[in-house]
file model02.tsv (TSV, C-alpha atoms and all ligand atoms)
chain	number	residue	atom	x	y	z
R	29	MET	CA	6.76	7.39	25.33
R	30	ILE	CA	6.76	7.97	21.56
R	31	PRO	CA	4.83	5.03	20.07
R	32	PHE	CA	5.50	3.85	16.52
R	33	LEU	CA	1.91	4.81	15.70
R	34	SER	CA	-0.89	5.64	18.12
R	35	LEU	CA	-4.15	4.84	16.35
R	36	LYS	CA	-6.01	6.32	19.29
R	37	ASP	CA	-4.34	9.69	18.69
R	38	VAL	CA	-4.89	9.42	14.93
R	39	THR	CA	-8.63	8.82	15.40
R	40	ALA	CA	-8.85	11.59	18.01
R	41	LEU	CA	-7.61	14.14	15.43
R	42	HIS	CA	-11.03	13.96	13.76
R	43	GLY	CA	-12.84	12.22	16.63
R	44	ALA	CA	-15.99	14.32	16.85
R	45	GLU	CA	-16.77	14.02	13.15
R	46	ILE	CA	-15.98	10.30	13.10
R	47	ASN	CA	-18.28	9.69	16.05
R	48	GLU	CA	-21.02	11.68	14.37
R	49	ALA	CA	-20.64	9.65	11.15
R	50	VAL	CA	-20.71	6.33	13.03
R	51	SER	CA	-23.82	7.38	14.98
R	52	ARG	CA	-25.54	8.40	11.75
R	53	VAL	CA	-25.09	4.89	10.37
R	54	VAL	CA	-25.92	3.13	13.65
R	55	ASN	CA	-29.15	5.08	14.00
R	56	GLY	CA	-29.97	4.98	10.28
R	57	GLY	CA	-30.55	1.21	10.32
R	58	TRP	CA	-28.88	0.50	6.94
R	59	TYR	CA	-25.53	-1.29	7.29
R	60	LEU	CA	-24.43	-2.70	3.93
R	61	GLN	CA	-24.55	-1.59	0.28
R	62	GLY	CA	-26.11	1.78	0.92
R	63	LYS	CA	-25.67	5.52	0.62
R	64	GLU	CA	-22.43	5.66	2.65
R	65	ASN	CA	-20.66	3.35	0.20
R	66	GLU	CA	-22.07	5.29	-2.74
R	67	ARG	CA	-20.91	8.62	-1.35
R	68	PHE	CA	-17.46	7.39	-0.41
R	69	GLU	CA	-16.90	5.62	-3.73
R	70	GLU	CA	-17.85	8.75	-5.64
R	71	LYS	CA	-15.53	10.97	-3.59
R	72	TYR	CA	-12.66	8.50	-3.69
R	73	SER	CA	-12.93	8.24	-7.49
R	74	LYS	CA	-12.67	12.03	-7.68
R	75	PHE	CA	-9.69	12.07	-5.35
R	76	ILE	CA	-7.79	9.30	-7.20
R	77	GLY	CA	-8.89	10.40	-10.65
R	78	THR	CA	-10.63	7.28	-11.96
R	79	LYS	CA	-14.12	6.61	-13.28
R	80	TYR	CA	-14.79	3.82	-10.79
R	81	THR	CA	-14.16	2.90	-7.17
R	82	ILE	CA	-15.46	-0.42	-5.88
R	83	GLY	CA	-15.34	-0.79	-2.10
R	84	CYS	CA	-14.46	-4.23	-0.76
R	85	ALA	CA	-13.54	-6.00	2.46
R	86	ASN	CA	-9.77	-5.29	2.60
R	87	GLY	CA	-6.71	-4.51	0.52
R	88	LEU	CA	-5.75	-8.13	-0.09
R	89	ASP	CA	-9.20	-8.85	-1.52
R	90	ALA	CA	-8.98	-5.72	-3.72
R	91	LEU	CA	-5.84	-7.14	-5.33
R	92	ILE	CA	-7.30	-10.66	-5.52
R	93	TRP	CA	-10.40	-9.33	-7.31
R	94	ILE	CA	-8.36	-7.44	-9.92
R	95	PHE	CA	-6.52	-10.58	-11.06
R	96	ARG	CA	-9.63	-12.74	-10.76
R	97	ALA	CA	-11.57	-10.25	-12.91
R	98	TYR	CA	-8.87	-10.39	-15.57
R	99	ILE	CA	-9.15	-14.18	-15.55
R	100	GLU	CA	-12.96	-14.03	-15.84
R	101	MET	CA	-12.55	-11.50	-18.69
R	102	GLY	CA	-10.21	-13.89	-20.53
R	103	VAL	CA	-7.30	-11.44	-20.32
R	104	MET	CA	-5.25	-13.81	-18.14
R	105	GLN	CA	-5.20	-17.56	-17.55
R	106	PRO	CA	-3.93	-19.57	-14.59
R	107	GLY	CA	-0.21	-20.18	-15.14
R	108	ASP	CA	0.38	-16.74	-16.65
R	109	GLU	CA	3.14	-14.63	-15.16
R	110	VAL	CA	2.90	-11.39	-13.20
R	111	ILE	CA	6.01	-9.33	-12.46
R	112	VAL	CA	6.13	-8.04	-8.89
R	113	PRO	CA	8.75	-6.42	-6.62
R	114	ALA	CA	10.46	-9.05	-4.45
R	115	ASN	CA	10.48	-6.80	-1.36
R	116	THR	CA	6.74	-6.06	-1.26
R	117	TYR	CA	4.44	-6.83	1.64
R	118	ILE	CA	3.34	-10.40	1.00
R	119	ALA	CA	-0.29	-9.48	0.16
R	120	THR	CA	0.64	-8.42	-3.38
R	121	ILE	CA	2.14	-11.84	-4.02
R	122	LEU	CA	-0.69	-13.73	-2.27
R	123	ALA	CA	-3.19	-12.05	-4.61
R	124	ILE	CA	-1.26	-13.43	-7.59
R	125	THR	CA	-0.83	-17.00	-6.33
R	126	GLU	CA	-4.41	-17.13	-4.99
R	127	ASN	CA	-5.50	-16.84	-8.64
R	128	GLY	CA	-3.16	-19.57	-9.90
R	129	LEU	CA	-0.92	-16.97	-11.55
R	130	LYS	CA	2.86	-17.08	-11.27
R	131	PRO	CA	4.69	-14.23	-9.50
R	132	VAL	CA	8.02	-13.30	-11.07
R	133	LEU	CA	10.05	-11.54	-8.40
R	134	VAL	CA	12.13	-8.53	-9.40
R	135	GLU	CA	14.67	-6.84	-7.14
R	136	PRO	CA	14.20	-3.25	-5.91
R	137	LYS	CA	16.82	-0.49	-6.08
R	138	LEU	CA	18.56	0.05	-2.76
R	139	ASN	CA	18.45	3.85	-3.02
R	140	THR	CA	14.69	4.01	-3.73
R	141	LEU	CA	13.47	0.70	-2.21
R	142	GLU	CA	11.10	0.45	-5.21
R	143	ILE	CA	11.12	-2.05	-8.11
R	144	ASP	CA	14.22	-1.69	-10.31
R	145	ASP	CA	12.84	-0.81	-13.75
R	146	ASP	CA	16.16	-1.83	-15.36
R	147	LYS	CA	15.55	-5.44	-14.32
R	148	ILE	CA	12.02	-5.87	-15.67
R	149	GLU	CA	12.47	-6.35	-19.42
R	150	GLU	CA	14.88	-9.30	-18.99
R	151	VAL	CA	12.22	-11.38	-17.18
R	152	ILE	CA	9.36	-10.74	-19.62
R	153	THR	CA	8.27	-13.94	-21.43
R	154	PRO	CA	5.37	-14.79	-23.77
R	155	ARG	CA	3.37	-15.75	-20.64
R	156	THR	CA	3.88	-12.39	-18.89
R	157	LYS	CA	0.50	-10.68	-18.64
R	158	ALA	CA	1.00	-7.92	-16.08
R	159	ILE	CA	3.36	-5.84	-14.01
R	160	ALA	CA	2.20	-5.27	-10.44
R	161	ILE	CA	3.94	-2.23	-9.02
R	162	VAL	CA	3.79	-1.43	-5.32
R	163	HIS	CA	4.14	2.13	-4.06
R	164	LEU	CA	5.94	0.76	-1.01
R	165	TYR	CA	6.41	2.97	2.07
R	166	GLY	CA	4.25	5.59	0.30
R	167	ARG	CA	6.83	6.22	-2.44
R	168	ASN	CA	5.81	6.48	-6.08
R	169	ALA	CA	7.08	3.33	-7.81
R	170	TYR	CA	5.81	4.17	-11.31
R	171	THR	CA	8.34	5.25	-13.91
R	172	ASP	CA	7.80	6.18	-17.55
R	173	LYS	CA	10.02	3.23	-18.41
R	174	ILE	CA	7.52	0.86	-16.74
R	175	GLY	CA	4.71	2.49	-18.71
R	176	ALA	CA	6.68	2.04	-21.96
R	177	LEU	CA	7.30	-1.67	-21.19
R	178	CYS	CA	3.58	-2.24	-20.61
R	179	LYS	CA	2.83	-0.68	-24.01
R	180	LYS	CA	5.62	-2.53	-25.82
R	181	TYR	CA	4.63	-5.99	-24.49
R	182	ASN	CA	0.89	-5.35	-24.10
R	183	LEU	CA	0.93	-5.90	-20.33
R	184	LYS	CA	-1.64	-4.80	-17.77
R	185	LEU	CA	-0.31	-2.45	-15.13
R	186	VAL	CA	-1.73	-3.19	-11.68
R	187	GLU	CA	-0.91	-0.82	-8.83
R	188	ASP	CA	-0.79	-1.84	-5.19
R	189	ASN	CA	-1.66	1.50	-3.64
R	190	ALA	CA	-2.19	0.16	-0.11
R	191	GLN	CA	0.55	2.41	1.31
R	192	ALA	CA	0.34	5.46	-0.91
R	193	HIS	CA	-3.01	7.29	-0.67
R	194	GLY	CA	-2.37	10.80	-1.97
R	195	CYS	CA	0.97	10.11	-3.68
R	196	LYS	CA	1.55	11.45	-7.21
R	197	HIS	CA	3.70	10.74	-10.24
R	198	THR	CA	5.87	13.52	-11.76
R	199	ASP	CA	3.13	14.24	-14.32
R	200	GLY	CA	0.61	14.98	-11.57
R	201	ARG	CA	-1.41	11.78	-11.86
R	202	VAL	CA	-2.36	10.34	-8.47
R	203	THR	CA	-1.16	6.80	-7.77
R	204	GLY	CA	-4.10	4.45	-8.16
R	205	SER	CA	-5.06	6.15	-11.44
R	206	ILE	CA	-1.86	5.43	-13.40
R	207	GLY	CA	-2.30	1.72	-14.14
R	208	ASP	CA	-5.20	-0.30	-15.57
R	209	ALA	CA	-6.42	-1.05	-12.06
R	210	ALA	CA	-5.30	-0.43	-8.49
R	211	GLY	CA	-5.88	-2.11	-5.15
R	212	HIS	CA	-6.19	0.07	-2.05
R	213	SER	CA	-6.19	-0.91	1.62
R	214	PHE	CA	-7.94	1.00	4.39
R	215	TYR	CA	-6.34	-1.03	7.19
R	216	PRO	CA	-6.38	1.26	10.27
R	217	GLY	CA	-2.66	2.12	10.13
R	218	LYS	CA	-2.66	3.17	6.47
R	219	ASN	CA	-2.66	6.85	5.40
R	220	LEU	CA	-6.40	6.54	4.77
R	221	GLY	CA	-7.39	4.11	7.50
R	222	ALA	CA	-10.77	2.80	8.61
R	223	LEU	CA	-11.69	1.63	12.12
R	224	GLY	CA	-11.38	-1.96	10.99
R	225	ASP	CA	-10.79	-3.64	7.64
R	226	GLY	CA	-11.60	-2.04	4.32
R	227	GLY	CA	-10.34	-1.87	0.76
R	228	ALA	CA	-11.17	-0.70	-2.75
R	229	VAL	CA	-10.38	-1.18	-6.41
R	230	THR	CA	-10.06	1.86	-8.67
R	231	THR	CA	-10.11	1.66	-12.47
R	232	ASN	CA	-11.33	3.38	-15.63
R	233	ASP	CA	-12.30	0.04	-17.20
R	234	PRO	CA	-16.10	-0.50	-17.01
R	235	GLU	CA	-15.88	-4.24	-17.68
R	236	LEU	CA	-13.29	-4.75	-14.92
R	237	ALA	CA	-15.29	-2.55	-12.54
R	238	ALA	CA	-18.46	-4.60	-13.11
R	239	ALA	CA	-16.62	-7.90	-12.65
R	240	VAL	CA	-14.94	-6.74	-9.42
R	241	ARG	CA	-18.23	-5.45	-8.03
R	242	ALA	CA	-19.89	-8.77	-8.74
R	243	LEU	CA	-17.00	-10.90	-7.43
R	244	ALA	CA	-16.97	-9.02	-4.12
R	245	ASN	CA	-20.72	-9.62	-3.79
R	246	TYR	CA	-20.95	-13.43	-4.14
R	247	GLY	CA	-20.38	-13.16	-7.89
R	248	SER	CA	-23.80	-11.60	-8.32
R	249	GLN	CA	-24.84	-8.61	-10.44
R	250	LYS	CA	-28.55	-9.22	-9.96
R	251	LYS	CA	-30.12	-10.43	-6.74
R	252	TYR	CA	-30.14	-14.26	-6.55
R	253	VAL	CA	-28.46	-14.57	-9.97
R	254	PHE	CA	-24.81	-15.66	-9.85
R	255	LYS	CA	-22.44	-15.02	-12.73
R	256	TYR	CA	-19.20	-15.97	-10.91
R	257	THR	CA	-18.26	-18.06	-7.88
R	258	GLY	CA	-17.50	-14.96	-5.82
R	259	ARG	CA	-17.27	-14.30	-2.12
R	260	ASN	CA	-18.72	-11.96	0.44
R	261	SER	CA	-16.11	-9.19	0.40
R	262	ARG	CA	-18.03	-5.96	0.93
R	263	LEU	CA	-17.12	-2.68	2.60
R	264	ASP	CA	-19.63	-2.00	5.35
R	265	GLU	CA	-21.51	1.26	5.75
R	266	ILE	CA	-19.86	2.24	9.05
R	267	GLN	CA	-16.37	1.98	7.54
R	268	ALA	CA	-17.46	3.87	4.41
R	269	ALA	CA	-18.81	6.69	6.60
R	270	VAL	CA	-15.57	6.83	8.61
R	271	LEU	CA	-13.48	6.84	5.42
R	272	ASP	CA	-15.60	9.63	3.98
R	273	VAL	CA	-14.68	11.81	6.99
R	274	LYS	CA	-11.00	10.89	6.89
R	275	LEU	CA	-10.70	11.44	3.14
R	276	LYS	CA	-11.52	15.13	3.70
R	277	TYR	CA	-8.40	15.45	5.87
R	278	LEU	CA	-6.07	13.17	3.91
R	279	VAL	CA	-4.15	15.96	2.15
R	280	GLN	CA	-3.74	17.82	5.44
R	281	ASP	CA	-2.69	14.64	7.29
R	282	ASN	CA	-0.19	13.79	4.54
R	283	ALA	CA	1.24	17.34	4.75
R	284	HIS	CA	1.93	16.70	8.43
R	285	ARG	CA	3.70	13.44	7.53
R	286	LYS	CA	5.85	15.41	5.08
R	287	GLU	CA	6.89	17.89	7.78
R	288	VAL	CA	7.90	15.04	10.05
R	289	ALA	CA	9.81	13.37	7.20
R	290	HIS	CA	11.69	16.58	6.40
R	291	GLN	CA	12.60	16.95	10.05
R	292	TYR	CA	14.14	13.46	9.87
R	293	TYR	CA	15.94	14.14	6.58
R	294	GLU	CA	17.41	17.40	7.90
R	295	GLY	CA	18.17	16.21	11.41
R	296	ILE	CA	19.47	12.64	11.15
R	297	LYS	CA	23.24	12.65	10.93
R	298	ASN	CA	24.67	9.30	11.92
R	299	PRO	CA	27.19	7.43	9.75
R	300	VAL	CA	25.54	4.10	10.62
R	301	ILE	CA	22.26	5.18	9.01
R	302	THR	CA	21.32	5.58	5.35
R	303	LEU	CA	18.11	7.27	4.26
R	304	PRO	CA	16.45	6.40	0.93
R	305	ASP	CA	16.66	9.06	-1.81
R	306	LEU	CA	14.47	12.05	-1.00
R	307	LEU	CA	11.78	12.21	-3.68
R	308	PRO	CA	10.05	15.47	-4.62
R	309	ASP	CA	7.32	16.05	-2.03
R	310	GLU	CA	4.29	15.08	-4.08
R	311	GLN	CA	5.86	11.72	-4.99
R	312	ASN	CA	5.92	10.48	-1.41
R	313	ALA	CA	2.91	10.05	0.86
R	314	PHE	CA	5.31	9.05	3.68
R	315	HIS	CA	3.21	6.14	4.90
R	316	LEU	CA	6.34	4.83	6.60
R	317	PHE	CA	9.77	6.31	7.24
R	318	PRO	CA	12.24	3.53	6.41
R	319	ILE	CA	15.93	3.82	7.23
R	320	LEU	CA	18.75	1.35	6.56
R	321	VAL	CA	21.01	0.60	9.51
R	322	GLY	CA	24.52	-0.61	8.70
R	323	GLU	CA	27.03	-3.02	10.22
R	324	GLY	CA	24.55	-5.44	11.77
R	325	LYS	CA	23.33	-2.71	14.14
R	326	ARG	CA	19.67	-2.66	13.16
R	327	ASP	CA	18.41	-4.75	16.06
R	328	ALA	CA	20.64	-2.85	18.50
R	329	LEU	CA	19.16	0.46	17.30
R	330	HIS	CA	15.65	-0.95	17.69
R	331	ASP	CA	16.40	-2.06	21.28
R	332	TYR	CA	18.15	1.22	22.14
R	333	LEU	CA	15.20	3.28	20.90
R	334	GLU	CA	12.75	1.02	22.71
R	335	LYS	CA	14.71	1.45	25.97
R	336	ASN	CA	14.44	5.19	25.44
R	337	GLY	CA	10.69	5.04	24.88
R	338	VAL	CA	10.58	5.14	21.07
R	339	GLY	CA	8.72	2.48	19.11
R	340	THR	CA	10.05	1.28	15.74
R	341	VAL	CA	8.98	-1.55	13.42
R	342	ILE	CA	10.77	-3.59	10.72
R	343	HIS	CA	9.09	-3.61	7.27
R	344	TYR	CA	9.60	-6.47	6.68
R	345	PRO	CA	11.88	-8.85	8.62
R	346	ILE	CA	11.45	-11.90	6.34
R	347	ALA	CA	11.26	-11.44	2.56
R	348	PRO	CA	8.39	-13.25	0.78
R	349	HIS	CA	10.78	-15.68	-0.97
R	350	LYS	CA	12.12	-16.76	2.45
R	351	GLN	CA	8.67	-17.50	3.89
R	352	GLU	CA	7.51	-21.05	4.65
R	353	CYS	CA	4.37	-20.56	2.54
R	354	TYR	CA	6.60	-20.09	-0.53
R	355	ARG	CA	9.13	-22.79	0.34
R	356	GLU	CA	9.74	-23.50	-3.36
R	357	TRP	CA	11.49	-20.08	-3.55
R	358	ASN	CA	13.52	-20.41	-0.33
R	359	GLY	CA	16.72	-21.20	-2.26
R	360	MET	CA	16.45	-18.12	-4.50
R	361	SER	CA	19.07	-15.43	-4.13
R	362	LEU	CA	17.68	-11.88	-4.12
R	363	PRO	CA	20.52	-9.99	-2.39
R	364	ILE	CA	19.01	-6.50	-2.39
R	365	THR	CA	15.67	-7.71	-1.06
R	366	GLU	CA	17.51	-9.73	1.60
R	367	TYR	CA	19.69	-6.74	2.48
R	368	ILE	CA	16.59	-4.62	3.06
R	369	ALA	CA	15.00	-7.33	5.23
R	370	ASP	CA	18.16	-7.43	7.35
R	371	HIS	CA	18.82	-3.66	7.62
R	372	GLU	CA	15.48	-1.83	7.44
R	373	LEU	CA	13.89	-0.09	10.40
R	374	SER	CA	10.84	2.23	10.26
R	375	LEU	CA	10.78	5.31	12.49
R	376	PRO	CA	7.59	6.78	13.99
R	377	ILE	CA	5.60	8.86	11.50
R	378	GLY	CA	1.93	9.74	11.17
R	379	PRO	CA	-0.58	12.56	11.34
R	380	ALA	CA	-0.47	12.78	15.15
R	381	ILE	CA	3.24	12.71	16.10
R	382	THR	CA	4.44	16.18	17.22
R	383	ARG	CA	7.48	18.21	16.13
R	384	GLU	CA	8.90	17.85	19.65
R	385	GLU	CA	8.53	14.08	19.57
R	386	THR	CA	10.19	13.94	16.15
R	387	ALA	CA	13.07	16.10	17.45
R	388	GLU	CA	13.51	13.68	20.35
R	389	VAL	CA	13.73	10.71	17.95
R	390	VAL	CA	16.35	12.60	15.90
R	391	ARG	CA	18.35	13.42	19.04
R	392	LEU	CA	18.35	9.81	20.23
R	393	ILE	CA	19.32	8.47	16.80
R	394	ASN	CA	22.21	10.89	16.46
R	395	GLN	CA	23.57	9.73	19.81
R	396	PHE	CA	23.45	6.06	18.81
R	397	LYS	CA	26.87	4.50	18.20
M	1	LIG	C1	-1.58	-3.34	3.87
M	1	LIG	C2	-1.12	-3.83	2.55
M	1	LIG	C3	-1.90	-4.70	1.77
M	1	LIG	C4	-3.12	-5.43	2.27
M	1	LIG	O1	-4.09	-4.68	2.83
M	1	LIG	P1	-5.10	-5.29	3.90
M	1	LIG	O2	-6.19	-4.28	3.93
M	1	LIG	O3	-4.37	-5.42	5.18
M	1	LIG	O4	-5.57	-6.60	3.36
M	1	LIG	C5	-1.48	-4.99	0.49
M	1	LIG	N1	-0.32	-4.51	0.02
M	1	LIG	C6	0.47	-3.71	0.74
M	1	LIG	C7	1.74	-3.19	0.15
M	1	LIG	C8	0.11	-3.36	2.05
M	1	LIG	O5	0.92	-2.58	2.77

call {"tool": "encode", "arguments": {"input": "model02.tsv", "output": "structure tokens", "more": "lines below"}}
Ligand SMILES: *Cc1c(COP(=O)(O)O)cnc(C)c1O
result
Amino acid sequence: MIPFLSLKDVTALHGAEINEAVSRVVNGGWYLQGKENERFEEKYSKFIGTKYTIGCANGLDALIWIFRAYIEMGVMQPGDEVIVPANTYIATILAITENGLKPVLVEPKLNTLEIDDDKIEEVITPRTKAIAIVHLYGRNAYTDKIGALCKKYNLKLVEDNAQAHGCKHTDGRVTGSIGDAAGHSFYPGKNLGALGDGGAVTTNDPELAAAVRALANYGSQKKYVFKYTGRNSRLDEIQAAVLDVKLKYLVQDNAHRKEVAHQYYEGIKNPVITLPDLLPDEQNAFHLFPILVGEGKRDALHDYLEKNGVGTVIHYPIAPHKQECYREWNGMSLPITEYIADHELSLPIGPAITREETAEVVRLINQFK
């Protein structure tokens, strides 16, 4: 059996150190807002290249707090528009609508699967306040053109870095440090994954950092004094300690993902399958390995691989604009986004899959008709 992702194997890679870190917190008797969060936030800021990291409960909250902070700061108002890729995981869009902001969906490019920067300027209006880019599948979605548009129209650039820990832009900046603020998820399956939920906001903006920190802690900056109507959305000390261990190995774990990805790029030769453009190594953290399967054969390939002991997952089978929760968009036509939803399949990739297992996946795929 070659599972899509074995979290047990991923944890076991650094199991002894993780267990030690968990025991330290368990026996230390301090479980929230302590030294583990402080240490992790400091190291994560260094790694990403921002002044501030604010730990919070999960990646969705991280994104929610960024937009909410901009509203509290008077930078945005409910009803303002935020440009977002139509093919993102729904959390990016939920964070926008949760704040009463209006998502403006922009199609991706089929060869990169990332937001099409040629289709952004035409949807900018006087109410546009931000572009939310998503480094989907671990691929760098930032382009200098997007940066220039933000300057020209005075827009905030928000990065959804949930899938791209350790990815870089061509100029060497790490994703999560390129925009005005970034939301990160530490969901267990992510490149930097906790043993439960976790998230963070990174930014260089001290006002935004202070607002996010307060919002994620009941809206309070001073004990029993409440500036905002916030929520309890904190990162706990056990998860911070686990993340601190795993951050040390992130570059090494990502290097392993790259080897697996290159094995797929070199080995997969099947006319039914299209691979997205191969980016320079540092621009892809290879969180997922998406392929596009032609001629209505995606589900057949999934079933064939499953029968042969290989797990695959679709990211994502129903586009956000086709979801019941956004029924007002159900009639919209976004052909590229819909094509991806109908043809995408993600192959096994991660820090624990072996070269032999990868070779077996390649062999099976090349035999698929
Ligand atoms: C995982 C993910 C999120 C949300 O993170 P959670 O920690 O699960 O809340 C947001 N955006 C993208 C693109 C994701 O993949």

call {"tool": "closest_atom_pairs", "arguments": {"input": "model02.tsv", "of": "segment 165-255 of chain R", "to": "segment 315-328 of chain R", "cutoff": "6 Å", "atoms": "only C-alpha atoms", "output": "JSON lines"}}
result
{"residue": "R:Tyr165", "atom": "CA", "partner": "R:Leu316", "partner_atom": "CA", "distance": 4.9}
{"residue": "R:Gly166", "atom": "CA", "partner": "R:His315", "partner_atom": "CA", "distance": 4.7}
{"residue": "R:Gln191", "atom": "CA", "partner": "R:His315", "partner_atom": "CA", "distance": 5.8}
{"residue": "R:Asn219", "atom": "CA", "partner": "R:His315", "partner_atom": "CA", "distance": 5.9}

call {"tool": "residues_around", "arguments": {"input": "model02.tsv", "residues": "Asp199 of chain R", "least_positions_apart": "4", "cutoff": "12 Å", "atoms": "only C-alpha atoms", "output": "PyMOL selection string"}}
result
chain R and resi 168+170-172+195+203+205-206+308+310-311

call {"tool": "residues_near_ligand", "arguments": {"input": "model02.tsv", "ligand": "ligand LIG 1 (chain M)", "cutoff": "10 Å", "atoms": "only C-alpha atoms and all ligand atoms", "output": "NGL selection string"}}
result
:R and (84-92 or 115-123 or 161-166 or 187-192 or 211-218 or 221-222 or 224-228 or 315-316 or 343)

call {"tool": "residues_around", "arguments": {"input": "model02.tsv", "residues": "Ala40 of chain R", "least_positions_apart": "4", "cutoff": "12 Å", "atoms": "all atoms listed in the file", "output": "ChimeraX atom specification"}}
result
/R:34-36,44-47,223,274,379-380

call {"tool": "residues_around", "arguments": {"input": "model02.tsv", "residues": "Tyr256 of chain R", "least_positions_apart": "5", "cutoff": "12 Å", "atoms": "only C-alpha atoms", "output": "list of chain:residue names"}}
result
R:Trp93, R:Arg96, R:Ala97, R:Ile99, R:Glu100, R:Met101, R:Ala238, R:Ala239, R:Val240, R:Arg241, R:Ala242, R:Leu243, R:Ala244, R:Asn245, R:Tyr246, R:Gly247, R:Ser248, R:Gln249, R:Lys250

call {"tool": "atom_distance", "arguments": {"input": "model02.tsv", "atom1": "atom CA of Arg355 of chain R", "atom2": "atom CA of Val151 of chain R"}}
result
21.1 Å

call {"tool": "closest_atom_pairs", "arguments": {"input": "model02.tsv", "of": "segment 37-114 of chain R", "to": "segment 126-130 of chain R", "cutoff": "7 Å", "atoms": "all atoms listed in the file", "output": "Markdown table"}}
result
| residue | atom | partner | partner_atom | distance |
| --- | --- | --- | --- | --- |
| R:Phe95 | CA | R:Asn127 | CA | 6.8 |
| R:Arg96 | CA | R:Asn127 | CA | 6.2 |
| R:Pro106 | CA | R:Gly128 | CA | 4.8 |
| R:Gly107 | CA | R:Leu129 | CA | 4.9 |
| R:Asp108 | CA | R:Leu129 | CA | 5.3 |
| R:Glu109 | CA | R:Lys130 | CA | 4.6 |
| R:Val110 | CA | R:Lys130 | CA | 6.0 |

call {"tool": "closest_residue", "arguments": {"input": "model02.tsv", "among": "R:Met29, R:Ile124, R:Ala169, R:Val112", "to": "Ile152 of chain R", "atoms": "only C-alpha atoms"}}
result
R:Val112
